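Worksheet for the structure shown next.
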Amino acid sequence: MTPPAYVFPIVDSRSVFKPDIFKGKVLFCTGGGSGICRGMTEAMMRHGANAAIVGRKFDRLTQAARELSQATGQECLAAQADVRQPNALKDAVSKTIEKFGRIDYVICGAAGNFLAPISGLSENAFRTVLEIDTIGTYNTIKATIAHIRASKGSYIHVSATLHYNGTPYQAHVSAAKAAVDALSAVLAIEEGPHGVRSNVIAPGPIAGTEGADRLVPKGDVPAGPGYPSGRMGTIGDIENATVFLFSDAASYITGQVLPVDGGWSHLHTGFLPYPQAVIDPESVRHLIKPKL
Ligand code: HXC
């Protein structure tokens, strides 16, 4: 294959933003124990924030908190909670306030995902993803809004680009993420007068994440000649967008969805090899686990 004419550079936010812009601030991040949200948390901590990360798996969460602290020199609290449980989330918020005294930034990032056609998706499976992604976001907003009003803080919701078109086997996630985008817009409008901003980051396929590894057939993500970025996205790309959107440089940006996908969503209707997935479901059968 001919190498791309130009490959978008990979940038460290510290070469653009001052290292201490979030000093004295506190981040509350659901899904922060792994993947993209862990990276977003680390980026905020690298710029001086302390953080609470929320997740279901206690061991993974405590290990992540320890590693994040070691990597950044900031404090990180592991606050175990399932975002589907409003009371558990309220406890996580209370623990965060007890430890740090405030919350300035919230990342609503906890999400569930797997490939399944609507015809084979059980009611419980559909409901489960909506409960984690959409109701989990609502629960997180409810549990944190008083603190975010008090600090005149800001929300980032982690969505996706797959619902802009019909992505096969992603009905549950598409419905859930479309609702998250809508929730964020309403939050921005209602809470703007209280000094609160709310935006969405919509990552494209991000290399090396569990989500992408499970959903995207290896080697099938086009990143090369003819594609705008010349490479797949990295967690660092999402980290940079996070630092920007939470920073004062974004003080007039609210109610927006920022796709961070190297322009990919303008070219593709989904992450799967299209149109093969629809014409020939057998070509993606190996990705649909454990059921079809
Ligand atoms: C069909 C499935 C399934 C699968 C679960 N279910 N996995 N159905 N295919 N592969 C069904 C179950 O059978 C059950 O329905 C229902 O969903 C609930 O499943 P449980 O395992 O009981 O639920 P739970 O333990 O709460 O966990 C479910 C889950 C988890 C959170 C969805 O399986 C999961 O996917 N975790 C991955 C988290 C993750 O990777 N997050 C990052 C997402 S990335 P029945 O009818 O049997 O009771 C992202 C961005 C998208 O969202 C872009 C990426 C490229």
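Following the order of the structure tokens, first chain is A, next is B, and so on, with residues numbered from 1 inside each chain and ligands from 1 in the order they appear.
Identified as lying at most 6 Å from ligand 1 when counting only C-alpha atoms and all ligand atoms are the residues Ala111, Gly112, Asn113, Phe114, Ala116, Leu121, Ser122, Asn124, Ala125, Thr128, Val129, Ala160, Pro205, Glu210, Gly211, Ala212, Leu215, Lys289, Pro290 and Lys291 of chain A.
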All helix (DSSP H, G or I) residues (DSSP, backbone) inside segment 5-159 of chain A, as a compact mmCIF listing (two decimals) with N, CA and C atoms, in the first residue's frame:
# COMPACT_ATOMS: atom_id res chain seq x y z
N SER A 13 -0.72 16.95 25.22
CA SER A 13 -1.40 18.20 25.59
C SER A 13 -0.48 19.16 26.34
N ARG A 14 0.58 18.61 27.01
CA ARG A 14 1.48 19.49 27.78
C ARG A 14 2.33 20.38 26.89
N SER A 15 2.39 20.03 25.58
CA SER A 15 3.13 20.92 24.67
C SER A 15 2.25 22.08 24.22
N GLY A 35 -9.50 2.01 29.70
CA GLY A 35 -9.76 2.50 28.35
C GLY A 35 -9.66 4.01 28.19
N ILE A 36 -10.54 4.53 27.36
CA ILE A 36 -10.51 5.95 27.01
C ILE A 36 -10.68 6.83 28.24
N CYS A 37 -11.60 6.45 29.13
CA CYS A 37 -11.89 7.32 30.29
C CYS A 37 -10.73 7.35 31.28
N ARG A 38 -10.01 6.25 31.37
CA ARG A 38 -8.80 6.26 32.20
C ARG A 38 -7.79 7.25 31.61
N GLY A 39 -7.64 7.24 30.30
CA GLY A 39 -6.73 8.19 29.65
C GLY A 39 -7.17 9.64 29.88
N MET A 40 -8.48 9.88 29.77
CA MET A 40 -9.00 11.24 29.99
C MET A 40 -8.68 11.70 31.41
N THR A 41 -8.83 10.76 32.36
CA THR A 41 -8.54 11.09 33.76
C THR A 41 -7.05 11.41 33.94
N GLU A 42 -6.21 10.58 33.34
CA GLU A 42 -4.77 10.81 33.47
C GLU A 42 -4.38 12.18 32.90
N ALA A 43 -4.99 12.54 31.78
CA ALA A 43 -4.67 13.84 31.16
C ALA A 43 -5.03 14.98 32.11
N MET A 44 -6.21 14.89 32.73
CA MET A 44 -6.61 15.95 33.67
C MET A 44 -5.67 16.00 34.86
N MET A 45 -5.23 14.82 35.34
CA MET A 45 -4.31 14.77 36.47
C MET A 45 -2.93 15.30 36.07
N ARG A 46 -2.51 15.01 34.85
CA ARG A 46 -1.21 15.54 34.39
C ARG A 46 -1.21 17.06 34.40
N PHE A 58 -13.92 -3.51 41.58
CA PHE A 58 -13.13 -2.85 42.62
C PHE A 58 -11.63 -3.02 42.41
N ASP A 59 -11.21 -4.25 42.09
CA ASP A 59 -9.76 -4.49 41.97
C ASP A 59 -9.16 -3.66 40.84
N ARG A 60 -9.84 -3.68 39.70
CA ARG A 60 -9.33 -2.91 38.55
C ARG A 60 -9.29 -1.41 38.87
N LEU A 61 -10.33 -0.99 39.58
CA LEU A 61 -10.45 0.43 39.91
C LEU A 61 -9.34 0.89 40.87
N THR A 62 -9.10 0.09 41.91
CA THR A 62 -8.07 0.50 42.89
C THR A 62 -6.68 0.45 42.26
N GLN A 63 -6.47 -0.54 41.41
CA GLN A 63 -5.16 -0.60 40.74
C GLN A 63 -4.99 0.61 39.81
N ALA A 64 -6.04 0.94 39.08
CA ALA A 64 -5.96 2.10 38.17
C ALA A 64 -5.70 3.37 38.97
N ALA A 65 -6.38 3.53 40.11
CA ALA A 65 -6.21 4.75 40.92
C ALA A 65 -4.75 4.86 41.39
N ARG A 66 -4.22 3.72 41.81
CA ARG A 66 -2.82 3.71 42.27
C ARG A 66 -1.88 4.11 41.13
N GLU A 67 -2.09 3.52 39.97
CA GLU A 67 -1.20 3.79 38.84
C GLU A 67 -1.34 5.24 38.35
N LEU A 68 -2.56 5.74 38.37
CA LEU A 68 -2.77 7.13 37.93
C LEU A 68 -2.06 8.11 38.87
N SER A 69 -2.12 7.82 40.17
CA SER A 69 -1.43 8.69 41.14
C SER A 69 0.07 8.64 40.92
N GLN A 70 0.57 7.40 40.75
CA GLN A 70 2.03 7.26 40.55
C GLN A 70 2.47 7.99 39.29
N ALA A 71 1.67 7.90 38.23
CA ALA A 71 2.08 8.49 36.95
C ALA A 71 2.03 10.02 36.96
N THR A 72 1.19 10.58 37.81
CA THR A 72 0.96 12.03 37.71
C THR A 72 1.34 12.82 38.96
N PRO A 86 -28.52 4.58 41.38
CA PRO A 86 -28.42 5.99 41.80
C PRO A 86 -27.83 6.16 43.20
N ASN A 87 -28.20 5.27 44.12
CA ASN A 87 -27.70 5.45 45.49
C ASN A 87 -26.21 5.17 45.61
N ALA A 88 -25.75 4.18 44.83
CA ALA A 88 -24.31 3.88 44.84
C ALA A 88 -23.53 5.07 44.27
N LEU A 89 -24.09 5.68 43.25
CA LEU A 89 -23.43 6.86 42.66
C LEU A 89 -23.40 8.02 43.65
N LYS A 90 -24.51 8.20 44.36
CA LYS A 90 -24.55 9.29 45.36
C LYS A 90 -23.48 9.04 46.43
N ASP A 91 -23.30 7.77 46.82
CA ASP A 91 -22.24 7.44 47.79
C ASP A 91 -20.86 7.79 47.24
N ALA A 92 -20.66 7.47 45.96
CA ALA A 92 -19.36 7.77 45.32
C ALA A 92 -19.11 9.28 45.32
N VAL A 93 -20.15 10.03 45.06
CA VAL A 93 -20.03 11.50 45.08
C VAL A 93 -19.71 11.97 46.50
N SER A 94 -20.40 11.41 47.50
CA SER A 94 -20.15 11.81 48.90
C SER A 94 -18.71 11.53 49.29
N LYS A 95 -18.21 10.35 48.89
CA LYS A 95 -16.81 10.01 49.21
C LYS A 95 -15.85 11.00 48.55
N THR A 96 -16.18 11.41 47.34
CA THR A 96 -15.33 12.36 46.61
C THR A 96 -15.32 13.70 47.33
N ILE A 97 -16.48 14.13 47.77
CA ILE A 97 -16.58 15.42 48.48
C ILE A 97 -15.86 15.33 49.83
N GLU A 98 -16.04 14.18 50.51
CA GLU A 98 -15.34 13.99 51.79
C GLU A 98 -13.82 14.14 51.60
N LYS A 99 -13.33 13.55 50.52
CA LYS A 99 -11.87 13.53 50.32
C LYS A 99 -11.34 14.85 49.77
N PHE A 100 -12.06 15.40 48.80
CA PHE A 100 -11.48 16.55 48.07
C PHE A 100 -12.24 17.87 48.33
N ILE A 118 -30.58 -6.56 15.78
CA ILE A 118 -31.82 -6.32 16.53
C ILE A 118 -32.61 -7.62 16.66
N SER A 119 -32.65 -8.39 15.59
CA SER A 119 -33.46 -9.62 15.60
C SER A 119 -32.98 -10.61 16.65
N GLY A 120 -31.71 -10.52 17.04
CA GLY A 120 -31.19 -11.47 18.02
C GLY A 120 -30.94 -10.85 19.38
N GLU A 123 -34.57 -8.42 25.04
CA GLU A 123 -35.06 -7.17 25.65
C GLU A 123 -34.11 -6.73 26.75
N ASN A 124 -33.63 -7.72 27.49
CA ASN A 124 -32.73 -7.37 28.60
C ASN A 124 -31.40 -6.82 28.10
N ALA A 125 -30.91 -7.37 27.00
CA ALA A 125 -29.64 -6.88 26.45
C ALA A 125 -29.78 -5.43 25.99
N PHE A 126 -30.89 -5.14 25.27
CA PHE A 126 -31.13 -3.77 24.80
C PHE A 126 -31.24 -2.83 26.01
N ARG A 127 -32.03 -3.27 26.99
CA ARG A 127 -32.26 -2.43 28.18
C ARG A 127 -30.95 -2.22 28.95
N THR A 128 -30.13 -3.25 29.02
CA THR A 128 -28.88 -3.16 29.79
C THR A 128 -27.99 -2.04 29.26
N VAL A 129 -27.84 -1.97 27.94
CA VAL A 129 -26.95 -0.94 27.38
C VAL A 129 -27.57 0.46 27.57
N LEU A 130 -28.89 0.56 27.39
CA LEU A 130 -29.51 1.87 27.65
C LEU A 130 -29.38 2.27 29.12
N GLU A 131 -29.48 1.26 29.99
CA GLU A 131 -29.37 1.58 31.43
C GLU A 131 -27.97 2.06 31.80
N ILE A 132 -26.96 1.42 31.21
CA ILE A 132 -25.59 1.83 31.54
C ILE A 132 -25.28 3.20 30.89
N ASP A 133 -25.51 3.30 29.59
CA ASP A 133 -25.07 4.50 28.85
C ASP A 133 -25.98 5.71 29.14
N THR A 134 -27.27 5.51 28.97
CA THR A 134 -28.18 6.67 29.01
C THR A 134 -28.66 6.96 30.43
N ILE A 135 -29.22 5.94 31.08
CA ILE A 135 -29.71 6.19 32.44
C ILE A 135 -28.52 6.41 33.38
N GLY A 136 -27.42 5.74 33.09
CA GLY A 136 -26.20 5.97 33.88
C GLY A 136 -25.74 7.42 33.77
N THR A 137 -25.86 7.99 32.59
CA THR A 137 -25.49 9.40 32.40
C THR A 137 -26.44 10.30 33.19
N TYR A 138 -27.74 10.00 33.06
CA TYR A 138 -28.75 10.77 33.82
C TYR A 138 -28.45 10.67 35.33
N ASN A 139 -28.19 9.44 35.81
CA ASN A 139 -27.91 9.26 37.25
C ASN A 139 -26.68 10.05 37.68
N THR A 140 -25.68 10.08 36.81
CA THR A 140 -24.43 10.79 37.15
C THR A 140 -24.67 12.30 37.21
N ILE A 141 -25.46 12.79 36.25
CA ILE A 141 -25.79 14.22 36.26
C ILE A 141 -26.54 14.56 37.56
N LYS A 142 -27.55 13.74 37.87
CA LYS A 142 -28.36 14.02 39.07
C LYS A 142 -27.50 14.03 40.34
N ALA A 143 -26.55 13.08 40.39
CA ALA A 143 -25.74 12.94 41.62
C ALA A 143 -24.72 14.06 41.76
N THR A 144 -24.37 14.73 40.66
CA THR A 144 -23.25 15.70 40.72
C THR A 144 -23.67 17.15 40.49
N ILE A 145 -24.88 17.38 39.98
CA ILE A 145 -25.20 18.72 39.47
C ILE A 145 -25.07 19.82 40.53
N ALA A 146 -25.43 19.51 41.77
CA ALA A 146 -25.36 20.56 42.81
C ALA A 146 -23.90 21.00 43.00
N HIS A 147 -22.99 20.03 42.95
CA HIS A 147 -21.57 20.35 43.15
C HIS A 147 -21.01 21.09 41.93
N ILE A 148 -21.48 20.72 40.76
CA ILE A 148 -20.98 21.38 39.54
C ILE A 148 -21.53 22.81 39.45
N ARG A 149 -22.75 23.00 39.89
CA ARG A 149 -23.27 24.39 39.97
C ARG A 149 -22.41 25.21 40.93
N ALA A 150 -22.09 24.60 42.08
CA ALA A 150 -21.33 25.33 43.10
C ALA A 150 -19.95 25.74 42.58
N SER A 151 -19.34 24.88 41.76
CA SER A 151 -17.98 25.19 41.27
C SER A 151 -18.01 25.87 39.91
Near-Ala79 of chain A list (7 Å; only C-alpha atoms; drop same-chain fewer than 5 positions) as a PyMOL selection string:
chain A and resi 52-54+92
Output C-alpha atoms of each residue in that selection to a file, as a PDB file, in the first residue's frame.
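result-v3.pdb was written with the following content:
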ATOM      1  CA  ALA A  52     -12.244  10.163  41.586  1.00  0.00           C
ATOM      2  CA  ILE A  53     -12.756   7.259  39.212  1.00  0.00           C
ATOM      3  CA  VAL A  54     -15.965   5.237  39.295  1.00  0.00           C
ATOM      4  CA  ALA A  92     -19.357   7.767  45.324  1.00  0.00           C
TER       5      ALA A  92
END
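Nearest to Pro228 of chain A of all the residues A:Leu267, A:Leu183, A:Ile21, A:Leu77 is A:Leu267, counting only C-alpha atoms.
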Option closest in space to Pro9 of chain A, from A:His157, A:Thr30, A:Val196, A:Ser229 [counting only C-alpha atoms]:
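Looking at the shortest contact to Pro9 of chain A, the residue is A:Ser229.
With only C-alpha atoms taken into account, the protein and nucleic acid residues at most 8 Å from Val106 of chain A (excluding it and anything under 3 positions from it in its own chain) are Leu27, Phe28, Cys29, Ile103, Thr144, Ser154, Tyr155 and Ile156 of chain A.
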Could you check how far atom CA of Gly262 of chain A sits from atom CA of Ala5 of chain A, in Å to one decimal?
14.8 Å
Between A:Pro4, A:Gly109, A:Gly73, A:Pro259, which residue has the minimum interatomic distance to Leu162 of chain A, considering only C-alpha atoms?
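Looking only at the distances to Leu162 of chain A, the closest residue turns out to be A:Pro259.
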Considering only C-alpha atoms, return as a ChimeraX atom specification whatever protein or nucleic-acid residues lie within 10 Å of Phe17 of chain A, sequence-local ones (same chain, fewer than 3 positions apart) excluded.
/A:12-14,20-21,47,240,243-244,247,249
Computed interatomic separation between atom CA of Tyr169 of chain A and atom CA of Ala202 of chain A (Å):
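Taking atom CA of Tyr169 of chain A as the start and atom CA of Ala202 of chain A as the end point, the length is 18.7 Å.
Considering only C-alpha atoms, the residue among A:Leu115, A:Val26, A:Val7, A:Val83 positioned nearest to Thr167 of chain A is A:Leu115.
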Taking the backbone alone, and naming residues the way the document does, which bits of segment 133-261 of chain A are strand (DSSP E) by DSSP, as a list in words?
Ser154, Tyr155, Ile156, His157, Val158, Arg197, Ser198, Asn199, Val200, Ile201, Ala202, Pro203, Val257, Leu258, Pro259 and Val260 of chain A
Please report the interatomic distance between atom CA of Ile253 of chain A and atom CA of Pro203 of chain A in Å with one decimal.
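Between these atoms lies a distance of 17.9 Å.
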Would you kindly return, as a ChimeraX atom specification, each protein, DNA or RNA residue with an atom no farther than 12 Å from any atom of Ala182 of chain A, considering only C-alpha atoms and excluding same-chain residues fewer than 3 positions away?
/A:134,137-138,157,159,175-179,185-189,198-200,255-257
